[in-house]
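Pasted below: data_17.cif, mmCIF, N, CA and C atoms.
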```cif
data_final
loop_
_atom_site.label_atom_id
_atom_site.label_comp_id
_atom_site.auth_asym_id
_atom_site.auth_seq_id
_atom_site.Cartn_x
_atom_site.Cartn_y
_atom_site.Cartn_z
N MET A 1474 -18.37 -20.87 -17.31
CA MET A 1474 -18.42 -21.11 -15.90
C MET A 1474 -18.18 -19.79 -15.17
N LYS A 1475 -19.02 -19.50 -14.22
CA LYS A 1475 -18.89 -18.30 -13.42
C LYS A 1475 -18.35 -18.66 -12.04
N ILE A 1476 -17.40 -17.84 -11.57
CA ILE A 1476 -16.88 -18.02 -10.22
C ILE A 1476 -17.28 -16.80 -9.42
N ILE A 1477 -17.90 -17.05 -8.30
CA ILE A 1477 -18.33 -15.96 -7.45
C ILE A 1477 -17.33 -15.81 -6.31
N ILE A 1478 -16.79 -14.61 -6.19
CA ILE A 1478 -15.83 -14.32 -5.13
C ILE A 1478 -16.46 -13.29 -4.22
N THR A 1479 -16.60 -13.64 -2.96
CA THR A 1479 -17.19 -12.70 -2.02
C THR A 1479 -16.18 -11.61 -1.68
N GLU A 1480 -16.70 -10.52 -1.11
CA GLU A 1480 -15.86 -9.39 -0.72
C GLU A 1480 -14.78 -9.82 0.26
N SER A 1481 -15.13 -10.64 1.25
CA SER A 1481 -14.14 -11.05 2.25
C SER A 1481 -13.07 -11.94 1.63
N LYS A 1482 -13.44 -12.80 0.71
CA LYS A 1482 -12.44 -13.65 0.03
C LYS A 1482 -11.51 -12.80 -0.82
N ARG A 1483 -12.05 -11.80 -1.48
CA ARG A 1483 -11.23 -10.92 -2.29
C ARG A 1483 -10.24 -10.14 -1.42
N GLU A 1484 -10.72 -9.65 -0.30
CA GLU A 1484 -9.83 -8.93 0.62
C GLU A 1484 -8.74 -9.84 1.17
N ARG A 1485 -9.11 -11.06 1.54
CA ARG A 1485 -8.13 -12.02 2.04
C ARG A 1485 -7.08 -12.33 0.98
N ALA A 1486 -7.53 -12.53 -0.26
CA ALA A 1486 -6.59 -12.80 -1.36
C ALA A 1486 -5.68 -11.60 -1.58
N ALA A 1487 -6.22 -10.40 -1.49
CA ALA A 1487 -5.43 -9.19 -1.69
C ALA A 1487 -4.39 -9.04 -0.59
N ILE A 1488 -4.78 -9.26 0.66
CA ILE A 1488 -3.84 -9.17 1.79
C ILE A 1488 -2.75 -10.23 1.65
N ASN A 1489 -3.14 -11.45 1.28
CA ASN A 1489 -2.14 -12.51 1.08
C ASN A 1489 -1.15 -12.13 -0.01
N TRP A 1490 -1.64 -11.53 -1.09
CA TRP A 1490 -0.76 -11.10 -2.18
C TRP A 1490 0.19 -10.02 -1.69
N LEU A 1491 -0.32 -9.04 -0.94
CA LEU A 1491 0.53 -7.98 -0.40
C LEU A 1491 1.60 -8.56 0.52
N ASN A 1492 1.21 -9.46 1.42
CA ASN A 1492 2.18 -10.06 2.34
C ASN A 1492 3.26 -10.84 1.60
N LYS A 1493 2.84 -11.59 0.58
CA LYS A 1493 3.80 -12.40 -0.17
C LYS A 1493 4.77 -11.53 -0.98
N ASN A 1494 4.28 -10.48 -1.60
CA ASN A 1494 5.09 -9.67 -2.49
C ASN A 1494 5.75 -8.46 -1.82
N TYR A 1495 5.15 -7.96 -0.75
CA TYR A 1495 5.65 -6.73 -0.13
C TYR A 1495 5.68 -6.80 1.40
N GLY A 1496 5.76 -8.00 1.93
CA GLY A 1496 5.77 -8.18 3.37
C GLY A 1496 7.12 -8.01 4.02
N ASP A 1497 8.15 -7.78 3.23
CA ASP A 1497 9.50 -7.68 3.79
C ASP A 1497 10.16 -6.33 3.49
N LEU A 1498 9.37 -5.29 3.37
CA LEU A 1498 9.91 -3.98 3.05
C LEU A 1498 10.64 -3.39 4.26
N GLU A 1499 11.75 -2.76 3.98
CA GLU A 1499 12.54 -2.13 5.04
C GLU A 1499 12.28 -0.63 5.07
N PRO A 1500 12.13 -0.06 6.27
CA PRO A 1500 11.96 1.39 6.36
C PRO A 1500 13.27 2.11 6.02
N TYR A 1501 13.12 3.26 5.38
CA TYR A 1501 14.27 4.03 4.91
C TYR A 1501 13.94 5.51 5.08
N GLU A 1502 14.82 6.25 5.75
CA GLU A 1502 14.61 7.68 5.95
C GLU A 1502 15.76 8.45 5.32
N THR A 1503 15.46 9.67 4.85
CA THR A 1503 16.49 10.51 4.25
C THR A 1503 16.45 11.90 4.88
N GLU A 1504 17.59 12.57 4.83
CA GLU A 1504 17.66 13.94 5.32
C GLU A 1504 16.94 14.90 4.36
N GLU A 1505 16.87 14.52 3.09
CA GLU A 1505 16.21 15.36 2.08
C GLU A 1505 14.70 15.43 2.28
N HIS A 1506 14.13 14.41 2.91
CA HIS A 1506 12.68 14.34 3.10
C HIS A 1506 12.37 14.00 4.55
N PRO A 1507 12.65 14.95 5.47
CA PRO A 1507 12.36 14.67 6.88
C PRO A 1507 10.85 14.52 7.08
N GLY A 1508 10.49 13.67 8.00
CA GLY A 1508 9.07 13.48 8.28
C GLY A 1508 8.43 12.39 7.45
N TYR A 1509 9.21 11.75 6.58
CA TYR A 1509 8.70 10.64 5.77
C TYR A 1509 9.52 9.39 6.02
N ILE A 1510 8.84 8.27 6.04
CA ILE A 1510 9.52 6.98 6.07
C ILE A 1510 9.16 6.28 4.77
N PHE A 1511 10.17 5.84 4.06
CA PHE A 1511 9.98 5.16 2.78
C PHE A 1511 10.14 3.66 2.97
N TYR A 1512 9.28 2.92 2.33
CA TYR A 1512 9.36 1.46 2.36
C TYR A 1512 9.66 1.00 0.95
N LYS A 1513 10.85 0.41 0.78
CA LYS A 1513 11.35 0.10 -0.55
C LYS A 1513 11.53 -1.39 -0.77
N LYS A 1514 11.39 -1.77 -2.03
CA LYS A 1514 11.74 -3.11 -2.49
C LYS A 1514 12.72 -2.90 -3.64
N GLY A 1515 13.98 -3.26 -3.41
CA GLY A 1515 15.01 -2.94 -4.39
C GLY A 1515 15.16 -1.44 -4.46
N ASN A 1516 15.08 -0.89 -5.65
CA ASN A 1516 15.18 0.56 -5.83
C ASN A 1516 13.82 1.25 -5.88
N ASP A 1517 12.74 0.49 -5.80
CA ASP A 1517 11.40 1.06 -5.92
C ASP A 1517 10.79 1.36 -4.56
N VAL A 1518 10.27 2.58 -4.43
CA VAL A 1518 9.50 2.93 -3.23
C VAL A 1518 8.11 2.33 -3.42
N ILE A 1519 7.73 1.44 -2.53
CA ILE A 1519 6.42 0.81 -2.61
C ILE A 1519 5.37 1.68 -1.93
N PHE A 1520 5.74 2.22 -0.77
CA PHE A 1520 4.89 3.24 -0.16
C PHE A 1520 5.75 4.11 0.74
N ASP A 1521 5.26 5.33 0.93
CA ASP A 1521 5.91 6.19 1.91
C ASP A 1521 4.86 6.66 2.90
N TYR A 1522 5.34 6.93 4.09
CA TYR A 1522 4.47 7.26 5.22
C TYR A 1522 4.84 8.63 5.75
N SER A 1523 3.87 9.51 5.82
CA SER A 1523 4.07 10.84 6.38
C SER A 1523 3.83 10.77 7.89
N ILE A 1524 4.89 10.99 8.64
CA ILE A 1524 4.79 10.93 10.09
C ILE A 1524 3.83 12.01 10.60
N ARG A 1525 3.86 13.19 10.00
CA ARG A 1525 3.03 14.31 10.44
C ARG A 1525 1.53 14.09 10.19
N SER A 1526 1.21 13.65 8.99
CA SER A 1526 -0.21 13.54 8.64
C SER A 1526 -0.78 12.14 8.87
N GLY A 1527 0.08 11.13 8.97
CA GLY A 1527 -0.41 9.76 9.11
C GLY A 1527 -0.93 9.17 7.81
N ARG A 1528 -0.59 9.80 6.71
CA ARG A 1528 -1.03 9.31 5.39
C ARG A 1528 0.02 8.40 4.77
N VAL A 1529 -0.47 7.41 4.05
CA VAL A 1529 0.38 6.50 3.30
C VAL A 1529 0.17 6.82 1.82
N PHE A 1530 1.28 6.98 1.11
CA PHE A 1530 1.24 7.24 -0.33
C PHE A 1530 1.80 6.01 -1.02
N VAL A 1531 0.93 5.32 -1.75
CA VAL A 1531 1.23 4.01 -2.31
C VAL A 1531 1.65 4.15 -3.78
N ASN A 1532 2.68 3.40 -4.15
CA ASN A 1532 3.19 3.42 -5.52
C ASN A 1532 2.05 3.11 -6.49
N TYR A 1533 1.78 4.06 -7.36
CA TYR A 1533 0.65 3.94 -8.28
C TYR A 1533 0.82 2.78 -9.25
N ASP A 1534 1.99 2.69 -9.87
CA ASP A 1534 2.21 1.66 -10.89
C ASP A 1534 2.32 0.26 -10.30
N GLU A 1535 3.02 0.12 -9.17
CA GLU A 1535 3.27 -1.20 -8.58
C GLU A 1535 2.05 -1.76 -7.85
N ILE A 1536 1.30 -0.91 -7.17
CA ILE A 1536 0.23 -1.39 -6.30
C ILE A 1536 -1.15 -0.94 -6.77
N TRP A 1537 -1.34 0.37 -6.85
CA TRP A 1537 -2.68 0.92 -7.08
C TRP A 1537 -3.29 0.39 -8.38
N LEU A 1538 -2.58 0.51 -9.48
CA LEU A 1538 -3.10 0.03 -10.77
C LEU A 1538 -3.36 -1.46 -10.78
N PHE A 1539 -2.45 -2.21 -10.14
CA PHE A 1539 -2.61 -3.66 -10.09
C PHE A 1539 -3.92 -4.03 -9.40
N PHE A 1540 -4.18 -3.42 -8.24
CA PHE A 1540 -5.40 -3.75 -7.51
C PHE A 1540 -6.65 -3.30 -8.26
N LYS A 1541 -6.58 -2.19 -8.94
CA LYS A 1541 -7.73 -1.73 -9.72
C LYS A 1541 -8.03 -2.70 -10.86
N SER A 1542 -6.99 -3.14 -11.56
CA SER A 1542 -7.22 -3.99 -12.72
C SER A 1542 -7.42 -5.47 -12.35
N PHE A 1543 -6.57 -6.02 -11.50
CA PHE A 1543 -6.64 -7.45 -11.20
C PHE A 1543 -7.75 -7.78 -10.21
N PHE A 1544 -7.87 -6.99 -9.15
CA PHE A 1544 -8.87 -7.27 -8.13
C PHE A 1544 -10.16 -6.48 -8.34
N GLY A 1545 -10.18 -5.53 -9.28
CA GLY A 1545 -11.39 -4.77 -9.58
C GLY A 1545 -11.83 -3.87 -8.44
N MET A 1546 -10.87 -3.37 -7.67
CA MET A 1546 -11.22 -2.52 -6.53
C MET A 1546 -11.28 -1.06 -6.95
N ASP A 1547 -12.19 -0.32 -6.31
CA ASP A 1547 -12.26 1.12 -6.56
C ASP A 1547 -11.35 1.84 -5.56
N ASP A 1548 -11.25 3.15 -5.69
CA ASP A 1548 -10.34 3.93 -4.84
C ASP A 1548 -10.68 3.79 -3.36
N TYR A 1549 -11.94 3.82 -3.02
CA TYR A 1549 -12.33 3.70 -1.61
C TYR A 1549 -11.91 2.33 -1.05
N GLN A 1550 -12.22 1.26 -1.78
CA GLN A 1550 -11.86 -0.08 -1.33
C GLN A 1550 -10.35 -0.22 -1.16
N LEU A 1551 -9.60 0.35 -2.10
CA LEU A 1551 -8.14 0.33 -2.01
C LEU A 1551 -7.64 1.09 -0.79
N THR A 1552 -8.23 2.25 -0.55
CA THR A 1552 -7.83 3.05 0.59
C THR A 1552 -8.00 2.27 1.89
N VAL A 1553 -9.14 1.66 2.07
CA VAL A 1553 -9.42 0.90 3.28
C VAL A 1553 -8.49 -0.31 3.39
N LEU A 1554 -8.36 -1.06 2.31
CA LEU A 1554 -7.51 -2.25 2.32
C LEU A 1554 -6.06 -1.91 2.65
N LEU A 1555 -5.50 -0.93 1.96
CA LEU A 1555 -4.10 -0.57 2.16
C LEU A 1555 -3.86 0.06 3.52
N LYS A 1556 -4.79 0.86 3.98
CA LYS A 1556 -4.69 1.44 5.33
C LYS A 1556 -4.62 0.32 6.37
N ASN A 1557 -5.54 -0.63 6.27
CA ASN A 1557 -5.57 -1.74 7.23
C ASN A 1557 -4.31 -2.60 7.15
N TRP A 1558 -3.84 -2.87 5.94
CA TRP A 1558 -2.64 -3.69 5.76
C TRP A 1558 -1.42 -3.01 6.37
N VAL A 1559 -1.24 -1.73 6.08
CA VAL A 1559 -0.07 -1.01 6.60
C VAL A 1559 -0.16 -0.92 8.12
N GLU A 1560 -1.33 -0.66 8.67
CA GLU A 1560 -1.47 -0.58 10.13
C GLU A 1560 -1.13 -1.92 10.78
N GLU A 1561 -1.68 -2.99 10.22
CA GLU A 1561 -1.49 -4.31 10.83
C GLU A 1561 -0.08 -4.85 10.59
N TYR A 1562 0.38 -4.79 9.36
CA TYR A 1562 1.64 -5.45 9.01
C TYR A 1562 2.87 -4.62 9.38
N TYR A 1563 2.77 -3.31 9.26
CA TYR A 1563 3.92 -2.44 9.54
C TYR A 1563 3.77 -1.63 10.82
N ASN A 1564 2.66 -1.86 11.53
CA ASN A 1564 2.44 -1.26 12.84
C ASN A 1564 2.56 0.27 12.81
N LEU A 1565 1.91 0.89 11.82
CA LEU A 1565 1.89 2.35 11.70
C LEU A 1565 0.46 2.83 11.92
N SER A 1566 0.33 4.01 12.48
CA SER A 1566 -0.99 4.61 12.66
C SER A 1566 -1.31 5.41 11.40
N VAL A 1567 -2.32 4.97 10.66
CA VAL A 1567 -2.60 5.52 9.34
C VAL A 1567 -3.96 6.21 9.31
N ILE A 1568 -3.99 7.43 8.76
CA ILE A 1568 -5.23 8.17 8.57
C ILE A 1568 -5.90 7.72 7.27
N GLY A 1569 -5.12 7.55 6.21
CA GLY A 1569 -5.66 7.13 4.93
C GLY A 1569 -4.55 6.77 3.97
N ALA A 1570 -4.93 6.18 2.85
CA ALA A 1570 -3.98 5.79 1.81
C ALA A 1570 -4.36 6.48 0.52
N GLU A 1571 -3.35 6.88 -0.23
CA GLU A 1571 -3.56 7.56 -1.51
C GLU A 1571 -2.56 7.03 -2.53
N PRO A 1572 -2.93 7.11 -3.81
CA PRO A 1572 -1.96 6.71 -4.84
C PRO A 1572 -0.86 7.76 -4.95
N ASN A 1573 0.35 7.32 -5.18
CA ASN A 1573 1.48 8.22 -5.37
C ASN A 1573 2.02 8.03 -6.78
N HIS A 1574 1.81 9.01 -7.62
CA HIS A 1574 2.26 8.94 -9.00
C HIS A 1574 3.73 9.28 -9.13
N ASN A 1575 4.26 10.04 -8.19
CA ASN A 1575 5.66 10.48 -8.24
C ASN A 1575 6.34 10.28 -6.90
N PRO A 1576 6.86 9.06 -6.65
CA PRO A 1576 7.55 8.84 -5.37
C PRO A 1576 8.67 9.87 -5.19
N LEU A 1577 8.86 10.29 -3.94
CA LEU A 1577 9.82 11.36 -3.64
C LEU A 1577 11.26 10.96 -3.92
N ILE A 1578 11.61 9.70 -3.73
CA ILE A 1578 13.00 9.29 -3.97
C ILE A 1578 13.05 8.18 -4.99
#
```

Structure encoded using structure tokens:
Amino acid sequence: MKIIITESKRERAAINWLNKNYGDLEPYETEEHPGYIFYKKGNDVIFDYSIRSGRVFVNYDEIWLFFKSFFGMDDYQLTVLLKNWVEEYYNLSVIGAEPNHNPLI
């Protein structure tokens, strides 16, 4: 049996998953890394936001790899999806999203 999932349904499912799993992140700033706002769940940085550049750096292991493998998204699709999610859900002005292999904190 084949199931066909349209692009819009996949995006909606991805946004719902993000909201359910990462919709309650608290902003966190440090003196060691001025100009960045970190959004953490427990001890893990899920994404950090550069105030100067407007870029979001997304946790590679927690988010980026999951979306590539489970949702079959490529880097461009992930960039657009995560940019839109962060702008809408966290009310940040975002230029783009990138994977972060080494969170700063």

- Distance criterion (only C-alpha atoms): nearest to Val1529 of chain A out of A:Asn1575, A:Asn1492, A:Glu1505, A:Ile1510: A:Ile1510

- Excluding same-chain residues fewer than 5 positions from segment 1550-1567 of chain A, what lies within 12 Å of it counting only C-alpha atoms, as number ranges by chain? A: 1480-1481, 1483-1493, 1495-1500, 1510-1512, 1519-1533, 1536-1542, 1544-1545, 1572

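Atom CA of Tyr1501 of chain A to atom CA of Asn1573 of chain A spans 16.9 Å [interatomic distance, one decimal].
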
- Item | Expected answer as an MDAnalysis selection string: strand (DSSP E) residues in chain A | chainID A and resid 1499:1501 1509:1514 1517:1523 1528:1532 1569:1573

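Here atom C of Gly1515 of chain A and atom C of Met1546 of chain A stand 26.6 Å from one another.
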
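Put simply, atom C of Asn1516 of chain A is 25.1 Å away from atom N of Asp1548 of chain A.
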
- Item | Counting only C-alpha atoms, the option among A:Lys1482, A:Asn1494, A:Tyr1549, A:Glu1535 closest to Asp1517 of chain A | A:Glu1535

- Task: Determine which residues of chain A DSSP labels as helix (DSSP H, G or I) from the backbone of this structure, then write them out as a VMD selection string.
- Result: chain A and resid 1480 to 1495 1533 to 1543 1548 to 1563

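Closest approach to Asp1534 of chain A from the set A:Glu1502, A:Gly1569, A:Pro1507, A:His1574 is made by A:His1574, with distances taken over all atoms listed in the file.
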